[in-house]
Amino acid sequence: MRQLILSSPYGAHEFKWLDVYGTVYALKGCFGQDRLMVADPHALQHNLNSPKFGRAPILDNTASLLFGEGSVITASGSEHRRLRSALNVGFTAAAVRGYEPVFKRVAEKIVDQLKGFFTATDVCPVFSPATLEAISQAILGHPTQELGEDFVANNIEIVKLTASQSETHILADAIGSYLATWVWRAAIYMPTTGAAVARKERSFATQVGGRIVQEKIDAAKQGLEMPDNDLFSLLLNPNPSDNTKTPSVEDVIAQIALILIAGQETTANALAFGLLELARHRKFQDELRAEIHSNRGANATNMAYENMPLLNAFLKETLRLYPAVPQPDRIALEDTAIPLGESITTLKGERISRIPVRKGQLVTLAIASYQRLASRWGVNPDEFNPFRWLDGKTNQGDAVGPYANLLSFLGGPKICLGWRFAVLEMQVIFCELVGKFAFAEPDGEPPQPRLMTALLPMNSKGERALPLCITRVL
Ligand code: HEM
């Protein structure tokens, strides 16, 4: 587990095991626990969609602790479907296009901040508040500063807490997986820093979210014109011809902590990794900048992001190499079998195309390994090469994930609700930044991708950081 989770860079062992043992192999976890690593596309598709597999209890319990029982991430079955379909109104392609002016404002603010930097600058502390700002404005309809200083300070604490990982964490997770759900529920009241931060986050989210929701309801009652371009206004102003999907006010408030956290660091880290690769591939960076300038045209506000092949190939390649959650665990809920796309040879020399598993078997969805399969993504899958998306050499095969068949946004019913939001946000921010600045790697030891709660760039001191030399070009 130490090799799997703590290696620097992430995958130093896992990607070798993929070469040696193939797309499905067994390993021993803490306390001799039997675990299966699965990177076979067909098996992944099955695991993500079959009701016979659920999220591992440790992940479910942590999500309940942080986000509460009413959030979509903790819901299952018909309750999950109801919440998804109610919330989806704010995450369709059309709704997400409505958030573009917010993303543009956020991108311009980042440009203003980076303008002042002359030496090597760590971009992480710039991206985290920026992505929080995008969610705050697009989802709640208010700038972050209106959420209150305490709320923002607690959010910084959450970001810090999620940027740590250690042998003790691995052991604690293993012990935690044996604890009953009531123990987890009680954990929120423990006198630890983590529990205090989680308690505050939930209470701030309920207070601040409740206030904002009430303001919107009062405005509607008084006949005041409501803005219709933030998620909360959309949810509270449902289409009168289809009120079957209308969420209750409590439903809406229960999603705030989740959405603010789920969409912040994931997007901030993807932006950071993207710039890191551009700094390492200066020729590609120049080509991308030329594409951005030629698309900007007379009207700087009207970029046709979907028609920019280099921009989209770059985004896919960044998400392929740096999935935010590279190895989520699933558990078999009953005795069953995992079908494989390619048969394997067992230790007894038998060829099998289905792996029988017992109820309680832990299965790790080896997303980072899947995203490095040469059979799917073409030659040299460990290399950053956006052109693999343009030369027709990626083999899409089984439909597994929503965006370019990647699993960075997961797949199946629990797929990321905000994936279109994140894609457009990154398209807008990358265009603004790469159009105006050139990025280069400073001297010194480069940061490495490390697995904390999510995959993030870390310096040799174990701090989340991505220093870059930034030069204004426009
Ligand atoms: C690059 C950016 C992002 C990545 C890589 C990402 C990735 C993911 C992943 C892997 C999950 C599944 C987690 C699990 O089930 O354990 C997830 C769920 C979720 N994400 Fe994202 N996410 C991103 C951005 C966003 C944004 C911007 C939002 C909202 C504005 C968002 C909202 C959600 C929500 C609400 C869920 C829970 C969905 C459910 O359980 O039905 N995400 N995301």
# chains A, B, ... in the order shown; residues from 1 in each chain; ligands from 1
>>> residues_around(residues="region 182-192 of chain A", least_positions_apart="2", cutoff="10 Å", atoms="only C-alpha atoms", output="ChimeraX atom specification")
/A:58,60-62,64-66,68-69,176-177,179-180,194-199
>>> write_last_selection(atoms="N, CA and C atoms", output="JSON list (two decimals), in the first residue's frame")
[["chain", "number", "residue", "atom", "x", "y", "z"],
["A", 58, "ILE", "N", -15.18, 2.99, 3.38],
["A", 58, "ILE", "CA", -14.35, 4.09, 3.89],
["A", 58, "ILE", "C", -14.65, 5.39, 3.12],
["A", 60, "ASP", "N", -17.51, 6.08, 1.42],
["A", 60, "ASP", "CA", -18.88, 6.48, 1.73],
["A", 60, "ASP", "C", -18.95, 7.19, 3.07],
["A", 61, "ASN", "N", -18.25, 6.59, 4.08],
["A", 61, "ASN", "CA", -18.31, 7.18, 5.41],
["A", 61, "ASN", "C", -17.62, 8.53, 5.47],
["A", 62, "THR", "N", -16.49, 8.66, 4.74],
["A", 62, "THR", "CA", -15.80, 9.96, 4.74],
["A", 62, "THR", "C", -16.70, 11.01, 4.07],
["A", 64, "SER", "N", -19.98, 11.04, 3.95],
["A", 64, "SER", "CA", -21.08, 11.42, 4.87],
["A", 64, "SER", "C", -20.58, 12.39, 5.93],
["A", 65, "LEU", "N", -19.37, 12.10, 6.43],
["A", 65, "LEU", "CA", -18.79, 12.93, 7.48],
["A", 65, "LEU", "C", -18.61, 14.37, 7.00],
["A", 66, "LEU", "N", -18.07, 14.50, 5.78],
["A", 66, "LEU", "CA", -17.77, 15.84, 5.26],
["A", 66, "LEU", "C", -19.00, 16.56, 4.74],
["A", 68, "GLY", "N", -22.47, 15.33, 4.78],
["A", 68, "GLY", "CA", -23.79, 15.07, 5.37],
["A", 68, "GLY", "C", -24.59, 14.07, 4.55],
["A", 69, "GLU", "N", -25.66, 13.56, 5.18],
["A", 69, "GLU", "CA", -26.44, 12.48, 4.56],
["A", 69, "GLU", "C", -27.26, 12.94, 3.36],
["A", 176, "GLY", "N", -10.39, 2.13, 9.69],
["A", 176, "GLY", "CA", -11.70, 2.76, 9.51],
["A", 176, "GLY", "C", -12.66, 1.91, 8.71],
["A", 177, "SER", "N", -12.10, 1.10, 7.79],
["A", 177, "SER", "CA", -13.01, 0.30, 6.95],
["A", 177, "SER", "C", -13.68, -0.81, 7.75],
["A", 179, "LEU", "N", -14.84, -0.17, 10.88],
["A", 179, "LEU", "CA", -15.71, 0.46, 11.89],
["A", 179, "LEU", "C", -17.17, 0.52, 11.43],
["A", 180, "ALA", "N", -18.08, 0.43, 12.38],
["A", 180, "ALA", "CA", -19.51, 0.49, 12.05],
["A", 180, "ALA", "C", -19.88, 1.92, 11.65],
["A", 194, "GLY", "N", -9.43, 17.68, 12.13],
["A", 194, "GLY", "CA", -10.20, 17.28, 10.95],
["A", 194, "GLY", "C", -11.70, 17.36, 11.21],
["A", 195, "ALA", "N", -12.14, 16.82, 12.37],
["A", 195, "ALA", "CA", -13.58, 16.81, 12.67],
["A", 195, "ALA", "C", -14.07, 18.24, 12.87],
["A", 196, "ALA", "N", -13.23, 19.09, 13.51],
["A", 196, "ALA", "CA", -13.65, 20.48, 13.75],
["A", 196, "ALA", "C", -13.85, 21.20, 12.42],
["A", 197, "VAL", "N", -12.91, 20.98, 11.48],
["A", 197, "VAL", "CA", -13.01, 21.66, 10.18],
["A", 197, "VAL", "C", -14.24, 21.15, 9.42],
["A", 198, "ALA", "N", -14.49, 19.81, 9.48],
["A", 198, "ALA", "CA", -15.66, 19.24, 8.78],
["A", 198, "ALA", "C", -16.95, 19.79, 9.39],
["A", 199, "ARG", "N", -16.97, 19.89, 10.76],
["A", 199, "ARG", "CA", -18.16, 20.41, 11.44],
["A", 199, "ARG", "C", -18.44, 21.84, 10.98]]
>>> select_by_dssp(residues="region 36-73 of chain A", states="alpha helix (DSSP H)", output="PyMOL selection string")
chain A and resi 41-49+57-67
>>> residues_near_ligand(ligand="ligand 1", cutoff="6 Å", atoms="only C-alpha atoms and all ligand atoms", output="VMD selection string")
chain A and resid 72 to 73 135 259 262 to 263 266 to 267 270 324 to 325 408 to 410 414 to 419 421 to 422
>>> closest_residue(among="A:Leu310, A:Leu321, A:Ile367, A:Cys124", to="Gly401 (chain A)", atoms="only C-alpha atoms")
A:Ile367
>>> select_by_dssp(residues="region 258-345 of chain A", states="strand (DSSP E)", output="PyMOL selection string")
chain A and resi 329-332+336-345
>>> write_last_selection(atoms="N, CA and C atoms", output="PDB file, in the first residue's frame")
ATOM      1  N   ASP A 329     -11.703   3.029  -4.533  1.00  0.00           N
ATOM      2  CA  ASP A 329     -12.018   1.635  -4.163  1.00  0.00           C
ATOM      3  C   ASP A 329     -13.506   1.351  -4.283  1.00  0.00           C
ATOM      4  N   ARG A 330     -13.816   0.167  -4.758  1.00  0.00           N
ATOM      5  CA  ARG A 330     -15.187  -0.324  -4.795  1.00  0.00           C
ATOM      6  C   ARG A 330     -15.245  -1.608  -3.980  1.00  0.00           C
ATOM      7  N   ILE A 331     -16.483  -2.051  -3.632  1.00  0.00           N
ATOM      8  CA  ILE A 331     -16.629  -3.281  -2.869  1.00  0.00           C
ATOM      9  C   ILE A 331     -17.733  -4.124  -3.510  1.00  0.00           C
ATOM     10  N   ALA A 332     -17.518  -5.454  -3.553  1.00  0.00           N
ATOM     11  CA  ALA A 332     -18.569  -6.336  -4.088  1.00  0.00           C
ATOM     12  C   ALA A 332     -19.662  -6.453  -3.036  1.00  0.00           C
ATOM     13  N   THR A 336     -20.179 -12.479  -6.950  1.00  0.00           N
ATOM     14  CA  THR A 336     -20.424 -12.177  -8.359  1.00  0.00           C
ATOM     15  C   THR A 336     -19.147 -12.459  -9.169  1.00  0.00           C
ATOM     16  N   ALA A 337     -19.107 -12.019 -10.421  1.00  0.00           N
ATOM     17  CA  ALA A 337     -17.894 -12.200 -11.233  1.00  0.00           C
ATOM     18  C   ALA A 337     -17.654 -10.922 -12.025  1.00  0.00           C
ATOM     19  N   ILE A 338     -16.366 -10.633 -12.270  1.00  0.00           N
ATOM     20  CA  ILE A 338     -16.030  -9.438 -13.061  1.00  0.00           C
ATOM     21  C   ILE A 338     -15.652  -9.896 -14.465  1.00  0.00           C
ATOM     22  N   PRO A 339     -16.412  -9.495 -15.487  1.00  0.00           N
ATOM     23  CA  PRO A 339     -16.059  -9.896 -16.852  1.00  0.00           C
ATOM     24  C   PRO A 339     -14.850  -9.101 -17.360  1.00  0.00           C
ATOM     25  N   LEU A 340     -13.955  -9.762 -18.089  1.00  0.00           N
ATOM     26  CA  LEU A 340     -12.749  -9.085 -18.576  1.00  0.00           C
ATOM     27  C   LEU A 340     -12.807  -8.895 -20.093  1.00  0.00           C
ATOM     28  N   GLY A 341     -12.223  -7.810 -20.572  1.00  0.00           N
ATOM     29  CA  GLY A 341     -12.131  -7.602 -22.022  1.00  0.00           C
ATOM     30  C   GLY A 341     -11.114  -8.560 -22.614  1.00  0.00           C
ATOM     31  N   GLU A 342     -10.027  -8.800 -21.886  1.00  0.00           N
ATOM     32  CA  GLU A 342      -8.981  -9.727 -22.345  1.00  0.00           C
ATOM     33  C   GLU A 342      -8.808 -10.808 -21.305  1.00  0.00           C
ATOM     34  N   SER A 343      -8.823 -12.078 -21.728  1.00  0.00           N
ATOM     35  CA  SER A 343      -8.700 -13.155 -20.746  1.00  0.00           C
ATOM     36  C   SER A 343      -7.294 -13.127 -20.120  1.00  0.00           C
ATOM     37  N   ILE A 344      -7.175 -13.733 -18.927  1.00  0.00           N
ATOM     38  CA  ILE A 344      -5.879 -13.748 -18.224  1.00  0.00           C
ATOM     39  C   ILE A 344      -5.533 -15.185 -17.826  1.00  0.00           C
ATOM     40  N   THR A 345      -4.250 -15.420 -17.504  1.00  0.00           N
ATOM     41  CA  THR A 345      -3.832 -16.749 -17.059  1.00  0.00           C
ATOM     42  C   THR A 345      -3.674 -16.723 -15.543  1.00  0.00           C
TER      43      THR A 345
END
>>> residues_around(residues="Gln327 (chain A)", least_positions_apart="3", cutoff="6 Å", atoms="only C-alpha atoms", output="list of chain:residue names")
A:Thr364, A:Leu365, A:Ala366, A:Ile367
>>> residues_around(residues="region 452-468 of chain A", least_positions_apart="2", cutoff="6 Å", atoms="only C-alpha atoms", output="list in words")
Ala120, Thr121, Asp122, Val123, Cys124, Thr162, Ala163, Ser164, Gln165, Asn269, Ala324, Val325, Ala440, Glu441, Pro442, Pro447, Gln448, Pro449 and Arg450 of chain A
>>> closest_residue(among="A:Ile212, A:Ala254, A:Ala290, A:Leu231", to="Ala138 (chain A)", atoms="only C-alpha atoms")
A:Leu231
>>> closest_residue(among="A:Pro41, A:Gln33, A:Phe284, A:Phe204", to="Arg372 (chain A)", atoms="only C-alpha atoms")
A:Pro41
>>> closest_residue(among="A:Gly98, A:Gly22, A:Pro51, A:Gly378", to="Met37 (chain A)", atoms="only C-alpha atoms")
A:Gly22
>>> decode(residues="region 243-270 of chain A", atoms="C-alpha atoms", output="short mmCIF file (atom, residue, chain, number, x, y, z; two decimals), in the first residue's frame")
data_model
loop_
_atom_site.label_atom_id
_atom_site.label_comp_id
_atom_site.auth_asym_id
_atom_site.auth_seq_id
_atom_site.Cartn_x
_atom_site.Cartn_y
_atom_site.Cartn_z
CA ASN A 243 -42.06 20.42 -11.58
CA THR A 244 -41.48 16.68 -11.03
CA LYS A 245 -37.77 17.38 -10.85
CA THR A 246 -37.95 20.36 -8.49
CA PRO A 247 -35.65 19.84 -5.48
CA SER A 248 -36.79 21.00 -2.05
CA VAL A 249 -35.05 23.95 -0.39
CA GLU A 250 -33.41 21.46 2.02
CA ASP A 251 -32.14 19.42 -0.96
CA VAL A 252 -30.56 22.53 -2.45
CA ILE A 253 -28.86 23.59 0.80
CA ALA A 254 -27.59 20.04 1.40
CA GLN A 255 -25.46 20.17 -1.77
CA ILE A 256 -23.50 23.34 -0.98
CA ALA A 257 -20.58 21.89 0.99
CA LEU A 258 -20.15 19.11 -1.61
CA ILE A 259 -20.26 21.31 -4.70
CA LEU A 260 -17.91 23.93 -3.25
CA ILE A 261 -15.33 21.28 -2.34
CA ALA A 262 -15.80 18.84 -5.26
CA GLY A 263 -15.24 21.51 -7.86
CA GLN A 264 -12.45 23.57 -6.30
CA GLU A 265 -9.21 21.64 -5.84
CA THR A 266 -9.95 19.12 -8.61
CA THR A 267 -10.07 21.93 -11.16
CA ALA A 268 -7.23 23.93 -9.56
CA ASN A 269 -4.90 20.90 -9.69
CA ALA A 270 -5.82 20.10 -13.31
#
